[in-house]
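Since the structure comes first, as C-alpha cells, the remarks are kept for the end.
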Amino acid sequence: MDVSAIKQQMTNIEDRFPNAAPADIKPTGTESTFTATLTLPEGVAASKDLEADQVTATGLGDLFEVRSATASGQTVTVTFGLKRAYASYEELRAAVGTTGSQGASRMVAKSPIADQITLEVPGFSLDGGAVGNGDELAVTGTVAGTFTLVANTTADNAIRFNTSWNGAQVADGRDFRAKDGTTIQQTILVKKPLETSLPADMLVYVQPTNATEAQRRQVGLDTTDMAPAGVQQGDGINLTDTIDAKTVKTQMAGIEAQFDNPADLASIKLSDVSSEFTATFTVPEGLTLSSGLSKDAVIPTGFADTFSVSKVTPAADGRSVAVTLALKDGITNYQQLCDAVNLLADTMELTVPGIAVDEDVVDGTTFTMVGTVGGTFDAVATSAAGTEKDFSFIWTGPQTEAGKDKPADDLSAIQLTLATPNPTGLDLPSDILSGTNTEHAETYPVFAGTGIDLTGAFKIDGIKQQMEAIEDQFGNPDGSSIAADVGASASLPR
C-alpha cells in the first residue's frame with residue numbers, strides 16, 4: 001500500500017491553518033484503521049491458526065501496528081491501526097513521517113510503489129488434489145482505511161478531518177491476467193510436478209587382492225539376483241546405482257508434442273532450466289565407506305557431459321553418502337536440451353568405490369546395503385508464437401524386477417547383499433596306503449632298512465557335490481560363466 005496519501009493528509013491539515021506553526025495545532029480524537037483482505041481461489045488454503053504476530057509488516061513505522069489477522073474459509077483479513085493516542089500534532093506528524101519504505105529498504109526491484117507498507121502473510125498452500133499443472137489461480141485483494149481527527153489552534157476554530165481511502169491496483173503492478181485496471185490481483189501459475197518412475201538397481205564389484213587402477217574404478221557387475229556376493233575380510237568393493245534413462249527420453253518427446261512437434265526445435269526457448277539426480281548409498285556395520293569420498297572420487301558412467309557430479313554429502317554417522325549430479329549450464333533452447341539428453345546412455349551408472357569390508361567381521365556374516373535414486377527437471381518453455389508452458393518432473397527409482405536382490409522379499413527397496421564365507425563341514429573319507437596295500441586285512445610286513453612308499457588318499461565326491469550346489473544357485477549355467485576367486489589346499493599327516 002502506498003503511504004504517500006497518509007503523509008499528504010498531514011500537509012492538508014497544516015494548509016487549513018496557514019498562520020499557525022505545527023506546534024500550535026492541537027489534535028484530539030485521532031484514529032486511523034486499515035483493513036487488508038485476500039480472497040483465495042479454490043485450491044489455495046490459508047493457515048487455520050493465523051494470528052497477528054505471524055504477519056511480517058514493513059513500513060508501519062512508529063505510527064501503526066498489526067492488530068489482528070484471521071483466516072475464514074477463503075478470506076484472509078489483516079487489520080492495522082494507530083499504536084497509541086498522540087498528545088501533540090508534532091508527535092503525530094513525526095510518527096507519520098516514519099511510515100513507508102525508507103532509503104535503502106525500498107523494494108524498487110519488486111514493487112512499483114516506492115513508499116509503501118507491506119504485510120506478508122505466511123502459511124498458504126496448494127491442495128495437490130484440487131489443482132493441476134498449469135492451472136492459473138487468481139488471488140484478489142482489497143485495502144480500505146480511515147483517518148479521523150479534530151484539530152484546532154484556538155478555542156473556536158476546530159476542524160474535523162474525516163478521510164477514507166479505498167485501494168486500487170497501481171498500473172505498473174497490474175496482473176498480467178487482470179480484466180480491469182482497478183482490481184488488486186495476483187495470478188498463481190500452478191507448477192505441479194509429474195511424478196514418474198526411473199527403474200533402478202544396485203550392483204557390486206569385489207576388487208581382487210592387489211587390484212589394478214582399472215579394477216579399483218570398475219563399475220558394479222553383480223546384482224546379487226541369484227545369490228549374495230561373496231566377500232572376505234579386508235576386501236574392497238565398488239557399489240553402483242543404475243538409472244534407466246529411457247523414461248527421460250520419452251518425456252522429451254512428450255514436450256515436443258505439446259508444441260505440435262515443430263521442425264525447428266531451437267525455436268522453443270527455455271528459461272529457469274534446472275535438473276539433477278541424487279543417489280544415496282547406505283552400508284551396515286561391518287562395512288566402511290572410503291574416507292576420501294569427493295566429487296572426483298565417485299565415478300559417473302553414461303551421463304556424457306550432460307550431467308556432472310555437483311556435490312558429495314557423507315552422513316554424520318559415516319554409514320551413508322548422497323551424490324548429486326546437476327545438468328550442465330548454458331541450455332537456452334529445446335534443441336540444445338534434446339541433444340544433451342540424447343547423449344545419455346539408456347542406463348546411467350554412478351559408482352562409489354573403495355568401500356572396505358572390516359577385518360574383524362566374522363565368517364558367515366551377511367551385509368545388506370540399500371540405496372535410493374531420484375531426480376527432478378524444471379523448465380519454462382516458450383514457443384516462437386509466444387505459447388508458454390511450465391514443465392516439472394519428479395523421478396523416483398523403484399528396484400527393477402530383473403535385478404532384485406536374492407534375499408529381498410519384494411521390490412520396495414533398492415538393495416544388495418554381501419556375505420562372508422560360511423565354512424561348511426564336510427567329511428572326506430581318507431586312508432593311508434603302503435604302496436597299494438590298505439592294510440585293512442593285516443599289517444603290511446616290511447624288512448628293516450627297506451624303503452616304502454606311503455600314500456595319503458581321500459575321496460572327493462563331496463567336493464564335486466559342493467560344486468554342483470554352487471552351479472545350482474546360478475541356474476546351472478555353463479561353468480565358464482561363473483566368475484570365482486578360488487583357493488584350495490590339503491594337508492597330509494607326517
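Each chain of the C-alpha cells is named A, B, ... in the order shown, its residues numbered from 1; ligands are numbered from 1 in display order.
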**Asked** Leaving out Glu388 (chain A) and any residue of its chain fewer than 4 positions from it, which residues lie within 12 Å of it when counting only C-alpha atoms, given as a list of chain:residue names?
**Response** A:Gly134, A:Leu189, A:Ile255, A:Gln258, A:Phe259, A:Ile268, A:Lys269, A:Leu270, A:Ser271, A:Ala379, A:Val380, A:Ala381, A:Thr382, A:Ser383, A:Ala384
Taking a cut-off of 10 Å and counting only C-alpha atoms, can you build a table that, for each residue of region 17-128 of chain A near region 174-188 of chain A, reports the nearest atom pair and how far apart they are in Å (one decimal), sorted by chain then residue number, as a Markdown table?
| residue | atom | partner | partner_atom | distance |
| --- | --- | --- | --- | --- |
| A:Leu38 | CA | A:Gln185 | CA | 9.2 |
| A:Thr39 | CA | A:Gln185 | CA | 9.5 |
| A:Pro41 | CA | A:Ile188 | CA | 9.9 |
| A:Val44 | CA | A:Ile188 | CA | 9.7 |
| A:Pro112 | CA | A:Arg174 | CA | 9.7 |
Those residues you just picked out, can you put them in a file as a PDB file, in the first residue's frame with C-alpha atoms?
ATOM      1  CA  LEU A  38      -7.094 -11.528   0.446  1.00  0.00           C
ATOM      2  CA  THR A  39      -9.690 -13.685  -1.278  1.00  0.00           C
ATOM      3  CA  PRO A  41      -9.467 -19.244  -5.133  1.00  0.00           C
ATOM      4  CA  VAL A  44      -5.444 -22.451  -2.246  1.00  0.00           C
ATOM      5  CA  PRO A 112       6.242  -0.328  -8.367  1.00  0.00           C
TER       6      PRO A 112
END
Near Asp115 (chain A), within 7 Å and counting only C-alpha atoms, which residues show up once chain neighbours fewer than 5 positions away are dropped, as a compact mmCIF listing (two decimals) with N, CA and C atoms, in the first residue's frame?
# COMPACT_ATOMS: atom_id res chain seq x y z
N ASP A 2 0.55 2.19 -0.89
CA ASP A 2 1.27 3.45 -0.99
C ASP A 2 0.85 4.36 0.18
N VAL A 3 1.82 4.81 0.98
CA VAL A 3 1.51 5.64 2.16
C VAL A 3 1.61 7.13 1.88
N SER A 4 1.87 7.48 0.64
CA SER A 4 2.04 8.91 0.35
C SER A 4 0.75 9.69 0.62
N GLY A 100 6.28 3.84 5.78
CA GLY A 100 6.70 3.59 4.41
C GLY A 100 8.12 3.09 4.30
N SER A 101 8.51 2.71 3.09
CA SER A 101 9.87 2.25 2.82
C SER A 101 10.81 3.43 2.84
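With distances restricted to only C-alpha atoms, A:Ile117 is the closest residue to Ala36 (chain A) from A:Ile117, A:Val96, A:Leu327, A:Ala469.
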**Complete:** As a check of understanding: the span from CA of Pro284 (chain A) to CA of Val206 (chain A) is 16.7 Å
**Prompt:** Which neighbours of Gly397 (chain A) fall inside 7 Å, counting only C-alpha atoms, when residues of the same chain fewer than 6 positions from it are skipped, and could you give them as a PyMOL selection string?
**Reply:** chain A and resi 197-200+372-374
Selection above as a file: N, CA and C atoms, as a CSV table (one decimal), in the first residue's frame:
chain,number,residue,atom,x,y,z
A,197,SER,N,8.5,-42.9,-12.8
A,197,SER,CA,9.5,-43.9,-12.3
A,197,SER,C,10.6,-44.0,-13.3
A,198,LEU,N,11.8,-44.1,-12.7
A,198,LEU,CA,13.0,-44.4,-13.5
A,198,LEU,C,13.6,-45.7,-12.8
A,199,PRO,N,13.3,-46.9,-13.4
A,199,PRO,CA,13.8,-48.1,-12.8
A,199,PRO,C,15.2,-48.1,-12.5
A,200,ALA,N,15.6,-48.6,-11.3
A,200,ALA,CA,16.9,-48.5,-10.8
A,200,ALA,C,17.4,-49.9,-10.2
A,372,THR,N,18.9,-45.3,-2.8
A,372,THR,CA,17.8,-44.6,-3.4
A,372,THR,C,18.3,-43.8,-4.6
A,373,VAL,N,17.4,-43.6,-5.5
A,373,VAL,CA,17.7,-42.8,-6.7
A,373,VAL,C,16.5,-41.9,-7.0
A,374,GLY,N,16.7,-40.7,-7.2
A,374,GLY,CA,15.7,-39.7,-7.6
A,374,GLY,C,16.2,-38.6,-8.4
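CA of Leu343 (chain A) is positioned 8.1 Å from CA of Asp305 (chain A).
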**Asked** Counting only C-alpha atoms, what is within 10 Å of Val248 (chain A), bar same-chain residues fewer than 3 positions away, as JSON, numbers by chain?
**Response** {"A": [196, 197, 198, 244, 245, 251, 252, 253, 254, 341, 342, 344, 346, 377, 393, 395]}
Could the residues in this selection be written to a file with N, CA and C atoms, as a PDB file, in the first residue's frame?
ATOM      1  N   THR A 196       7.060 -39.665 -12.187  1.00  0.00           N
ATOM      2  CA  THR A 196       7.230 -40.881 -12.966  1.00  0.00           C
ATOM      3  C   THR A 196       8.384 -41.698 -12.386  1.00  0.00           C
ATOM      4  N   SER A 197       8.470 -42.945 -12.834  1.00  0.00           N
ATOM      5  CA  SER A 197       9.484 -43.859 -12.300  1.00  0.00           C
ATOM      6  C   SER A 197      10.632 -44.029 -13.280  1.00  0.00           C
ATOM      7  N   LEU A 198      11.825 -44.073 -12.735  1.00  0.00           N
ATOM      8  CA  LEU A 198      13.018 -44.441 -13.486  1.00  0.00           C
ATOM      9  C   LEU A 198      13.563 -45.717 -12.846  1.00  0.00           C
ATOM     10  N   ASP A 244      17.673 -46.011 -15.194  1.00  0.00           N
ATOM     11  CA  ASP A 244      17.175 -46.213 -16.555  1.00  0.00           C
ATOM     12  C   ASP A 244      16.758 -44.858 -17.125  1.00  0.00           C
ATOM     13  N   ALA A 245      17.492 -44.385 -18.128  1.00  0.00           N
ATOM     14  CA  ALA A 245      17.246 -43.040 -18.668  1.00  0.00           C
ATOM     15  C   ALA A 245      16.240 -43.035 -19.807  1.00  0.00           C
ATOM     16  N   GLN A 251       9.870 -38.679 -22.109  1.00  0.00           N
ATOM     17  CA  GLN A 251       9.227 -37.439 -21.674  1.00  0.00           C
ATOM     18  C   GLN A 251       9.623 -36.267 -22.572  1.00  0.00           C
ATOM     19  N   MET A 252      10.823 -36.299 -23.095  1.00  0.00           N
ATOM     20  CA  MET A 252      11.233 -35.235 -24.032  1.00  0.00           C
ATOM     21  C   MET A 252      10.327 -35.224 -25.255  1.00  0.00           C
ATOM     22  N   ALA A 253      10.002 -36.395 -25.753  1.00  0.00           N
ATOM     23  CA  ALA A 253       9.103 -36.473 -26.904  1.00  0.00           C
ATOM     24  C   ALA A 253       7.730 -35.912 -26.555  1.00  0.00           C
ATOM     25  N   GLY A 254       7.294 -36.115 -25.295  1.00  0.00           N
ATOM     26  CA  GLY A 254       6.013 -35.573 -24.860  1.00  0.00           C
ATOM     27  C   GLY A 254       6.004 -34.056 -24.859  1.00  0.00           C
ATOM     28  N   VAL A 341      20.246 -34.601 -23.856  1.00  0.00           N
ATOM     29  CA  VAL A 341      19.586 -35.789 -23.315  1.00  0.00           C
ATOM     30  C   VAL A 341      19.863 -37.015 -24.173  1.00  0.00           C
ATOM     31  N   ASN A 342      19.910 -36.841 -25.486  1.00  0.00           N
ATOM     32  CA  ASN A 342      20.168 -37.978 -26.371  1.00  0.00           C
ATOM     33  C   ASN A 342      21.577 -38.533 -26.218  1.00  0.00           C
ATOM     34  N   LEU A 344      22.821 -39.209 -23.336  1.00  0.00           N
ATOM     35  CA  LEU A 344      22.792 -40.075 -22.171  1.00  0.00           C
ATOM     36  C   LEU A 344      22.685 -41.535 -22.602  1.00  0.00           C
ATOM     37  N   ASP A 346      21.285 -45.328 -22.183  1.00  0.00           N
ATOM     38  CA  ASP A 346      19.981 -45.796 -21.717  1.00  0.00           C
ATOM     39  C   ASP A 346      20.028 -46.186 -20.252  1.00  0.00           C
ATOM     40  N   PHE A 377      13.314 -32.291 -12.838  1.00  0.00           N
ATOM     41  CA  PHE A 377      13.543 -31.446 -14.020  1.00  0.00           C
ATOM     42  C   PHE A 377      12.521 -30.324 -13.996  1.00  0.00           C
ATOM     43  N   PHE A 393       9.095 -32.229 -13.621  1.00  0.00           N
ATOM     44  CA  PHE A 393       9.053 -33.678 -13.436  1.00  0.00           C
ATOM     45  C   PHE A 393       9.764 -34.052 -12.145  1.00  0.00           C
ATOM     46  N   TRP A 395      11.321 -37.632 -10.635  1.00  0.00           N
ATOM     47  CA  TRP A 395      11.599 -39.030 -10.948  1.00  0.00           C
ATOM     48  C   TRP A 395      11.978 -39.787  -9.678  1.00  0.00           C
TER      49      TRP A 395
END
**Asked** What gap, in Å, lies between CA of Val298 (chain A) and CA of Met369 (chain A)?
**Response** 17.3 Å
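Candidate residues A:Glu276, A:Thr242, A:Pro122, A:Val362 were compared for distance to Thr301 (chain A), and the nearest is A:Thr242, using only C-alpha atoms.
Using only C-alpha atoms, the residues found no farther than 12 Å from Tyr444 (chain A), other than those of its own chain fewer than 2 positions away, are Ile432, Leu433, Ser434, Gly435, Thr436, Asn437, Thr438, Glu439, His440, Ala441, Glu442, Val446, Phe447, Ile452, Asp453 and Leu454 of chain A.
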**Prompt:** Near Ala85 (chain A), within 10 Å and counting only C-alpha atoms, which residues show up once chain neighbours fewer than 2 positions away are dropped, as a list of chain:residue names?
**Reply:** A:Pro27, A:Thr28, A:Gly29, A:Thr30, A:Glu31, A:Leu63, A:Leu82, A:Lys83, A:Ala87, A:Ser88, A:Glu91, A:Leu92
